[in-house]
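What follows is a single structure, written as structure tokens, with notes after it.
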Number of protein chains: 2
Amino acid sequence: VAEKGRGRVDIQNDLASLLGAAGWLTAPRDTAPYTRDWLDRYGVPPIGVARPTDTQQVAEVVRLCRQAGVAVVPQGGGTGLVGASVATSPNTVIVSLARMNKIEMIDEQEHTAVVEAGVILENLHTALDAQDLSFPMHLGSEGTAQIGGLIATNAGGSHAFRFGMMSELVLGMEVVLLNGDVWTGMRRLIKDNSGLQLRKLFCGSEGRLGIVTRAALRLYPAQRERATAMIACPSLNAMLKTGQALRRSCGELLVAMEFFDTEILDLALHHIPDLTNPMDTATPFYILLELATSIDTLDLHPLLESAMEPVFEAGWAIDAVVAQSQAQRAALWRIREDLPEGTLREGRQLKHDIAVPVSAFPAFLEDSAARIAKILPGTRIWTFGHLADGNIHYNLSPPSGQVDFSNADMELSSAIYENAERHGGTFAAEHGVGHSKHAVADQLRSTTERDLMSKILMAADPEQIMNPEVP
Amino acid sequence: VAEKGRGRVDIQNDLASLLGAAGWLTAPRDTAPYTRDWLDRYGVPPIGVARPTDTQQVAEVVRLCRQAGVAVVPQGGGTGLVGASVATSPNTVIVSLARMNKIEMIDEQEHTAVVEAGVILENLHTALDAQDLSFPMHLGSEGTAQIGGLIATNAGGSHAFRFGMMSELVLGMEVVLLNGDVWTGMRRLIKDNSGLQLRKLFCGSEGRLGIVTRAALRLYPAQRERATAMIACPSLNAMLKTGQALRRSCGELLVAMEFFDTEILDLALHHIPDLTNPMDTATPFYILLELATSIDTLDLHPLLESAMEPVFEAGWAIDAVVAQSQAQRAALWRIREDLPEGTLREGRQLKHDIAVPVSAFPAFLEDSAARIAKILPGTRIWTFGHLADGNIHYNLSPPSGQVDFSNADMELSSAIYENAERHGGTFAAEHGVGHSKHAVADQLRSTTERDLMSKILMAADPEQIMNPEVP
């Protein structure tokens, strides 16, 4: 690390004079909102929080930090669930992109937008609505999450199955590298094979390869018609059969297919008083399905009904509620989106964002339950997620009457991650690795993979100052 | 380079004993089919051609070549257009994946396939047809191109706008690295954020980072209904307006939107006697459009007709032919696919695979024509490509009566590439960089980009033996 002799005082003075009072925060009451992660598990007070207003300022901050041997951690909306946007060492400057929040361009003909990294996803949605366009990234935190953070974590969400993760939706980007150089890869093109796919590599790099400052995004025509349904399935197998049948019969009109078990639905209904259950029938599993189209002459409801017919006939579904209005649609989606809040209000929990191939669902769920029962009998399991892409949010609460996991936390989580891997799955589906999966990543990656990733990271950041403790 | 002392004889003996007679070719008549690239512009005779039958053999070949200081160039179907799959130095072993051609698995429930790298794209299409599934990668060379080569070049094709390039369609892969280690990244998952997106980085790496040996591919339900039309547009602007309108009104059902100018259509009709023109009206530009759906209850023809109505009313299209049968559909697609053959039969040509944002089409085409007229007056310009993603195949023939470009080849190509860049585009859209764009890539990349790519390449292959002269 270069110039270790330069201390906190020097870098503070340098950054204060570069960024001004609104751009450089050091008082604890000012830096507090940036210090801890969303789940309040990680984060020590940093030297300060830099709030640059343009790319050149970001570059200068990185340059100064590098000179001073200070770590740099970029921060977007701070809604990440693996703790990758906070400091784990006090010798850190957090770079918040919040003030770089301009939507620079929306082009109807190209179906592209150019935005600064700090634009909040919901604000982009709103701006696009007015032009009958859409950016099809949807997740619970969209009112807070920023484009730069969504890129750095390669966000997925409920529509990824249909429209892709961020790596599919980002056409180009501008990135400040370790040495303060700015990589301008801002072409607004689907097809660009002019070299290594750097634009893809930066997606999901969690601040290790640089700081994303601007992005060119791919847009779609706005969705004009929707059909949304909640479907009651009498067994896991029935849910999988329903999913497979609807995936085929609804084809390209299927934009989301979420699932959850009856236990987590009951928990959310219990803890969130104004949440209501639209279903008359209680079944072990439910699907929340949405069809959508940008073609205003297509009527989706008859199509959904005829797609559902064989599913009911086969007994794979025994009840369904179809939203008849925008309010009913919102109510159905609210059930899905409030599920995490339900588990949160239950107290201590262990969250696991894993994915397995859909065909491995039964074996994964059975094996995981068996392992958990051995480690800590009575542990309660909540299962929900994205059926079409195999992404399961597999969360645990302590046995009834217990406030914690009797120090079995690590053992429980390891068992689940290993089990996902064993069934051809991943220990990190859409939330990333961050601090929370540092150890498990190190353990589950092959030597070859660990070596290859580490070579690339070292090539981009030999001094290891860019978000250095995120693997 | 290690052990330069070991010569051709040693590596020949080693590879012969590893691979056997069918797996190690050295006689000129045997290696000839592997020696030159598709356009017959690059390729010197290599030491020999290795034809391994499994991943372990590939790994052993790489290990032996590395020990001997011999370059390794992987080769798929050999249909690439930038010369990246042949030797430019005689001290090279070509590794053909042709014998690794097993389709290992097709999973209906997951919508995934697992294949070896040497599977020919058309063979995969045929196998999937039988199961009512599809792999939506379509390009002229699909009867020869192999999955591994499609990955290494990050192929695009006519459906990329709707379903993505290879980087969107490949879920996982197995890769033999420089040191003979095998990276197994074969998860069959859309969402996998378990570290750097290596699976994306290998797409388009042109054999520089390793040799792809197997892949997990994303499948879609088979398309059951199609509507295909050729549309006559009275001007460039009218074509762009038609494209924009249809993109909105046909929404998610639009799977391909190709375009070509009247000059290249006439040329193909002239040179290919059994090619017929279905249009009564000659206009400067044509669109070939296809809607498709996997939903068998959707009737696409009325939808296409109602989408076309406002386009005709506005005068953006003045004629259209809609295919009424599978044979008519094939005839329309044949026109599009025979366009390159038409220019080839005209004699010497300069091909340019570029892309610009659709909104920059008019300025790009105007500026390019003006520059060309200055450099070599009378040069004939053929324009065709993929309207929805801005990918233009911008090809030149010498002025009438001339057999070559009067030594202005380089100047003409440079002008076109620079002009694409100037209008926010790329000098390499879907064909890659390879040998043919080595120099232009070096010239047009920023210092920052060149440096970043080179650091990653050096990290993966410090000895520079993996397809070393491809940038």
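Numbering starts fresh at 1 for the residues of each chain in the structure tokens, the chains themselves are lettered A, B, ... in the order given, and ligands are numbered from 1 as they appear.
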6 Å contacts from chain A to chain B using only C-alpha atoms, as a PyMOL selection string
chain A and resi 109-110+183+187+190-194+196-197+201+205+221+244+248-249+251+294-295+358+389+424+428-430+432+448+455-456+459
Please run DSSP on the backbone and report, as a PyMOL selection string, all residues within segment 142-384 of chain B that come out as strand (DSSP E or B).
chain B and resi 146+170-176+182-185+211-218+220-221+225-233+254-261+285-293+319-322+350+353-355+380-384
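Using only C-alpha atoms, the protein and nucleic acid residues lying no more than 7 Å from Asp319 of chain A, apart from those fewer than 5 places from it along its own chain, are A:Ile231, A:Ala232, A:Thr281.
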DSSP on the backbone, then: every residue of segment 237-412 of chain B marked alpha helix (DSSP H), written as a PyMOL selection string.
chain B and resi 237-250+262-271+300-313+326-345+361-375+409-412
Store the residues of this selection in a file with C-alpha atoms, as a compact mmCIF listing (two decimals), in the first residue's frame.
```
# COMPACT_ATOMS: atom_id res chain seq x y z
CA ASN B 237 -36.33 7.29 -42.76
CA ALA B 238 -39.49 5.38 -43.65
CA MET B 239 -37.70 2.12 -42.82
CA LEU B 240 -36.63 3.45 -39.43
CA LYS B 241 -40.15 4.69 -38.69
CA THR B 242 -41.57 1.32 -39.73
CA GLY B 243 -39.11 -0.45 -37.47
CA GLN B 244 -39.88 1.75 -34.51
CA ALA B 245 -43.64 1.43 -34.94
CA LEU B 246 -43.56 -2.35 -35.34
CA ARG B 247 -41.21 -2.79 -32.44
CA ARG B 248 -43.80 -1.15 -30.23
CA SER B 249 -46.92 -2.68 -31.71
CA CYS B 250 -45.57 -6.23 -32.02
CA THR B 262 -32.32 -2.55 -52.89
CA GLU B 263 -28.79 -2.68 -54.33
CA ILE B 264 -27.79 -5.81 -52.44
CA LEU B 265 -31.12 -7.45 -53.19
CA ASP B 266 -30.60 -6.82 -56.92
CA LEU B 267 -27.06 -8.15 -56.71
CA ALA B 268 -28.17 -11.39 -55.07
CA LEU B 269 -31.00 -11.80 -57.61
CA HIS B 270 -28.47 -11.22 -60.39
CA HIS B 271 -25.90 -13.75 -59.19
CA LEU B 300 -50.34 -13.88 -35.32
CA HIS B 301 -51.54 -12.89 -38.79
CA PRO B 302 -54.39 -10.58 -37.72
CA LEU B 303 -52.01 -9.07 -35.18
CA LEU B 304 -49.40 -8.42 -37.85
CA GLU B 305 -52.02 -6.94 -40.15
CA SER B 306 -53.30 -4.53 -37.54
CA ALA B 307 -49.72 -3.57 -36.66
CA MET B 308 -49.01 -2.85 -40.34
CA GLU B 309 -52.10 -0.68 -40.87
CA PRO B 310 -50.81 2.57 -39.33
CA VAL B 311 -47.45 2.02 -41.02
CA PHE B 312 -49.10 1.90 -44.44
CA GLU B 313 -51.35 4.83 -43.56
CA GLN B 326 -43.78 -22.65 -44.46
CA ALA B 327 -42.35 -22.75 -48.00
CA GLN B 328 -43.04 -19.06 -48.53
CA ARG B 329 -41.49 -18.28 -45.16
CA ALA B 330 -38.38 -20.23 -46.12
CA ALA B 331 -38.22 -18.35 -49.43
CA LEU B 332 -38.30 -14.98 -47.64
CA TRP B 333 -35.58 -16.02 -45.20
CA ARG B 334 -33.52 -17.40 -48.07
CA ILE B 335 -33.40 -13.95 -49.64
CA ARG B 336 -31.94 -12.55 -46.45
CA GLU B 337 -29.51 -15.40 -45.99
CA ASP B 338 -28.28 -15.40 -49.60
CA LEU B 339 -27.33 -11.72 -49.54
CA PRO B 340 -23.71 -12.44 -48.44
CA GLU B 341 -23.40 -15.05 -51.20
CA GLY B 342 -24.52 -12.43 -53.73
CA THR B 343 -21.72 -10.04 -52.76
CA LEU B 344 -19.22 -12.90 -52.66
CA ARG B 345 -20.01 -13.85 -56.27
CA PHE B 361 -28.35 5.17 -38.80
CA PRO B 362 -28.98 8.14 -41.10
CA ALA B 363 -25.92 10.11 -40.04
CA PHE B 364 -23.70 7.03 -40.11
CA LEU B 365 -24.81 5.97 -43.59
CA GLU B 366 -24.54 9.48 -45.01
CA ASP B 367 -21.11 10.16 -43.53
CA SER B 368 -19.76 6.77 -44.55
CA ALA B 369 -20.91 7.16 -48.16
CA ALA B 370 -19.31 10.61 -48.30
CA ARG B 371 -15.99 9.35 -46.93
CA ILE B 372 -15.94 6.39 -49.30
CA ALA B 373 -16.70 8.62 -52.29
CA LYS B 374 -13.66 10.70 -51.38
CA ILE B 375 -11.33 7.73 -50.94
CA ASP B 409 -8.67 -1.35 -48.76
CA MET B 410 -7.22 -0.33 -45.44
CA GLU B 411 -8.17 3.31 -45.82
CA LEU B 412 -11.76 2.42 -46.71
```
I'd like the neighbourhood of Val95 of chain A as JSON, numbers by chain, where a residue qualifies if any of its atoms comes within 10 Å (using only C-alpha atoms), though same-chain residues fewer than 3 positions away should be ignored.
{"A": [23, 24, 34, 48, 49, 50, 51, 52, 58, 61, 62, 72, 73, 74, 75, 76, 85, 86, 92, 98, 211]}
Let's have the selection written as a compact mmCIF listing (two decimals), in the first residue's frame, with N, CA and C atoms.
```txt
# COMPACT_ATOMS: atom_id res chain seq x y z
N GLY A 23 -20.26 17.41 0.30
CA GLY A 23 -19.71 16.26 -0.41
C GLY A 23 -18.77 15.41 0.42
N TRP A 24 -18.46 15.87 1.62
CA TRP A 24 -17.52 15.10 2.45
C TRP A 24 -18.01 15.12 3.88
N TYR A 34 -24.85 5.88 6.56
CA TYR A 34 -24.07 5.16 5.55
C TYR A 34 -23.24 4.03 6.17
N GLY A 48 -14.77 8.69 6.46
CA GLY A 48 -15.82 9.62 6.09
C GLY A 48 -16.58 9.10 4.88
N VAL A 49 -17.60 9.86 4.52
CA VAL A 49 -18.41 9.49 3.36
C VAL A 49 -18.25 10.55 2.29
N ALA A 50 -17.75 10.16 1.11
CA ALA A 50 -17.61 11.07 -0.02
C ALA A 50 -18.89 11.03 -0.83
N ARG A 51 -19.38 12.21 -1.20
CA ARG A 51 -20.62 12.27 -1.99
C ARG A 51 -20.35 13.10 -3.26
N PRO A 52 -19.62 12.53 -4.20
CA PRO A 52 -19.24 13.27 -5.40
C PRO A 52 -20.46 13.60 -6.25
N VAL A 58 -15.38 11.45 -8.60
CA VAL A 58 -15.20 10.06 -8.17
C VAL A 58 -13.76 9.62 -8.45
N VAL A 61 -11.39 11.14 -5.98
CA VAL A 61 -11.51 10.49 -4.67
C VAL A 61 -10.72 9.18 -4.67
N VAL A 62 -10.90 8.37 -5.72
CA VAL A 62 -10.20 7.09 -5.79
C VAL A 62 -8.69 7.31 -5.82
N VAL A 72 -11.54 1.90 -0.50
CA VAL A 72 -12.68 2.61 -1.10
C VAL A 72 -13.85 1.65 -1.23
N VAL A 73 -14.98 2.00 -0.62
CA VAL A 73 -16.17 1.16 -0.73
C VAL A 73 -17.30 1.98 -1.35
N PRO A 74 -17.72 1.63 -2.57
CA PRO A 74 -18.83 2.36 -3.17
C PRO A 74 -20.17 1.96 -2.55
N GLN A 75 -21.09 2.89 -2.49
CA GLN A 75 -22.39 2.62 -1.89
C GLN A 75 -23.50 3.22 -2.74
N GLY A 76 -24.49 2.39 -3.05
CA GLY A 76 -25.67 2.87 -3.77
C GLY A 76 -26.78 3.15 -2.77
N SER A 85 -21.64 -3.00 0.92
CA SER A 85 -21.51 -1.57 0.67
C SER A 85 -21.13 -0.77 1.91
N VAL A 86 -20.58 -1.44 2.93
CA VAL A 86 -20.14 -0.73 4.13
C VAL A 86 -18.69 -1.09 4.44
N THR A 92 -11.21 3.39 5.78
CA THR A 92 -12.02 3.27 4.57
C THR A 92 -12.74 4.58 4.28
N ALA A 98 -25.16 8.82 -4.36
CA ALA A 98 -26.53 9.34 -4.26
C ALA A 98 -26.74 10.68 -4.97
N ILE A 211 -15.67 1.63 -9.70
CA ILE A 211 -16.93 2.24 -9.28
C ILE A 211 -17.72 2.64 -10.52
```
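Closest approach to Ala71 of chain A among A:Met166, A:Leu236, A:Met466, A:Val9: A:Met466, based on only C-alpha atoms.
Computed from the coordinates, the atom CA of Ala216 of chain B to atom CA of Gly118 of chain B distance equals 13.2 Å.
Across B:Met100, B:Ala227, B:Ala84, B:Val255, the tightest approach to His159 of chain B is made by B:Val255 when counting only C-alpha atoms.
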